[in-house]
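First comes the structure, then the notes that go with it.
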Amino acid sequence: MKKELMIEGMMCQNCVKHVTHALEGISGASHVQVSLEDKKATVEVPESVTDETLKAAVTEAGYKVTEIIPHES
């Protein structure tokens with residue numbers, strides 16, 4: 001399942017790297033794309049990965065998830 005995460009707090013390409021690394025660290029996550037300009041990330045995860053897991057990974061990296069939008073893949 002593809003999910004789109006709206007993220008606050010990213011200000012530079014280093015922030016993009018931190019968020020990318022955090023999401024890639026989730027078991028089963030793939031196709032991680034983070035956009036500084038759009039302030040969002042997209043990631044494909046198995047249905048077993050919860051929104052809370054995604055939010056926790058980004059929060060631990062130092063950023064705030066404001067919304068998670070699921071997309072059927």
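Identifiers in the structure tokens: chain A, B, ... in order shown; residue index from 1 per chain; ligand index from 1 in order shown.
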
### Query
Running DSSP on the backbone, which parts of chain A land in helix (DSSP H, G or I), as a VMD selection string?
chain A and resid 13 to 24 51 to 60

### Query
Which parts of chain A does DSSP call strand (DSSP E) when run on the backbone here, written out as a VMD selection string?
chain A and resid 2 to 8 30 to 35 40 to 44 64 to 71

At most 7 Å is the cut-off: for each residue in segment 12-38 of chain A with any atom that close to an atom of segment 54-65 of chain A, write down the nearest atom pair and the distance in Å rounded to one decimal, counting only C-alpha atoms, chain first then increasing number, as a Markdown table.
| residue | atom | partner | partner_atom | distance |
| --- | --- | --- | --- | --- |
| A:His18 | CA | A:Ala61 | CA | 6.3 |
| A:Val19 | CA | A:Val58 | CA | 6.0 |
| A:Ala22 | CA | A:Ala57 | CA | 5.5 |
| A:Leu23 | CA | A:Ala57 | CA | 6.4 |

Neighbour list for His21 of chain A as a PDB file with C-alpha atoms, in the first residue's frame, cut-off 12 Å, only C-alpha atoms, skip fewer than 3 positions in-chain:
ATOM      1  CA  ASN A  14      19.937  17.032   5.012  1.00  0.00           C
ATOM      2  CA  CYS A  15      16.422  16.891   6.479  1.00  0.00           C
ATOM      3  CA  VAL A  16      15.294  14.961   3.383  1.00  0.00           C
ATOM      4  CA  LYS A  17      18.113  12.444   3.995  1.00  0.00           C
ATOM      5  CA  HIS A  18      17.084  11.996   7.639  1.00  0.00           C
ATOM      6  CA  GLU A  24      13.743   3.103   4.737  1.00  0.00           C
ATOM      7  CA  GLY A  25      14.501   1.659   8.182  1.00  0.00           C
ATOM      8  CA  ILE A  26      10.935   0.342   8.514  1.00  0.00           C
ATOM      9  CA  ALA A  29       9.153  -0.200   3.317  1.00  0.00           C
ATOM     10  CA  SER A  30      10.109   0.486  -0.307  1.00  0.00           C
ATOM     11  CA  HIS A  31      10.015   3.198  -2.964  1.00  0.00           C
ATOM     12  CA  VAL A  32      10.633   5.988  -0.433  1.00  0.00           C
ATOM     13  CA  GLN A  33      10.500   9.453  -2.005  1.00  0.00           C
ATOM     14  CA  VAL A  34      10.797  12.615   0.066  1.00  0.00           C
ATOM     15  CA  ALA A  41       7.058  11.759   1.657  1.00  0.00           C
ATOM     16  CA  VAL A  43       6.389   5.231   0.743  1.00  0.00           C
ATOM     17  CA  ALA A  57       9.896   6.796  12.580  1.00  0.00           C
ATOM     18  CA  VAL A  58       9.580  10.355  11.254  1.00  0.00           C
ATOM     19  CA  GLU A  60      12.170   9.992  16.005  1.00  0.00           C
ATOM     20  CA  ALA A  61      14.127  11.599  13.144  1.00  0.00           C
TER      21      ALA A  61
END

### Task
Between A:Ile7, A:Lys2, A:Asp51, A:Thr20, single out the one closest to Asp38 of chain A, counting only C-alpha atoms.
A:Ile7

### Query
For Pro70 of chain A, which residue among A:Thr53, A:Ser48, A:Gln13, A:Thr42 is the nearest when counting only C-alpha atoms?
A:Thr42
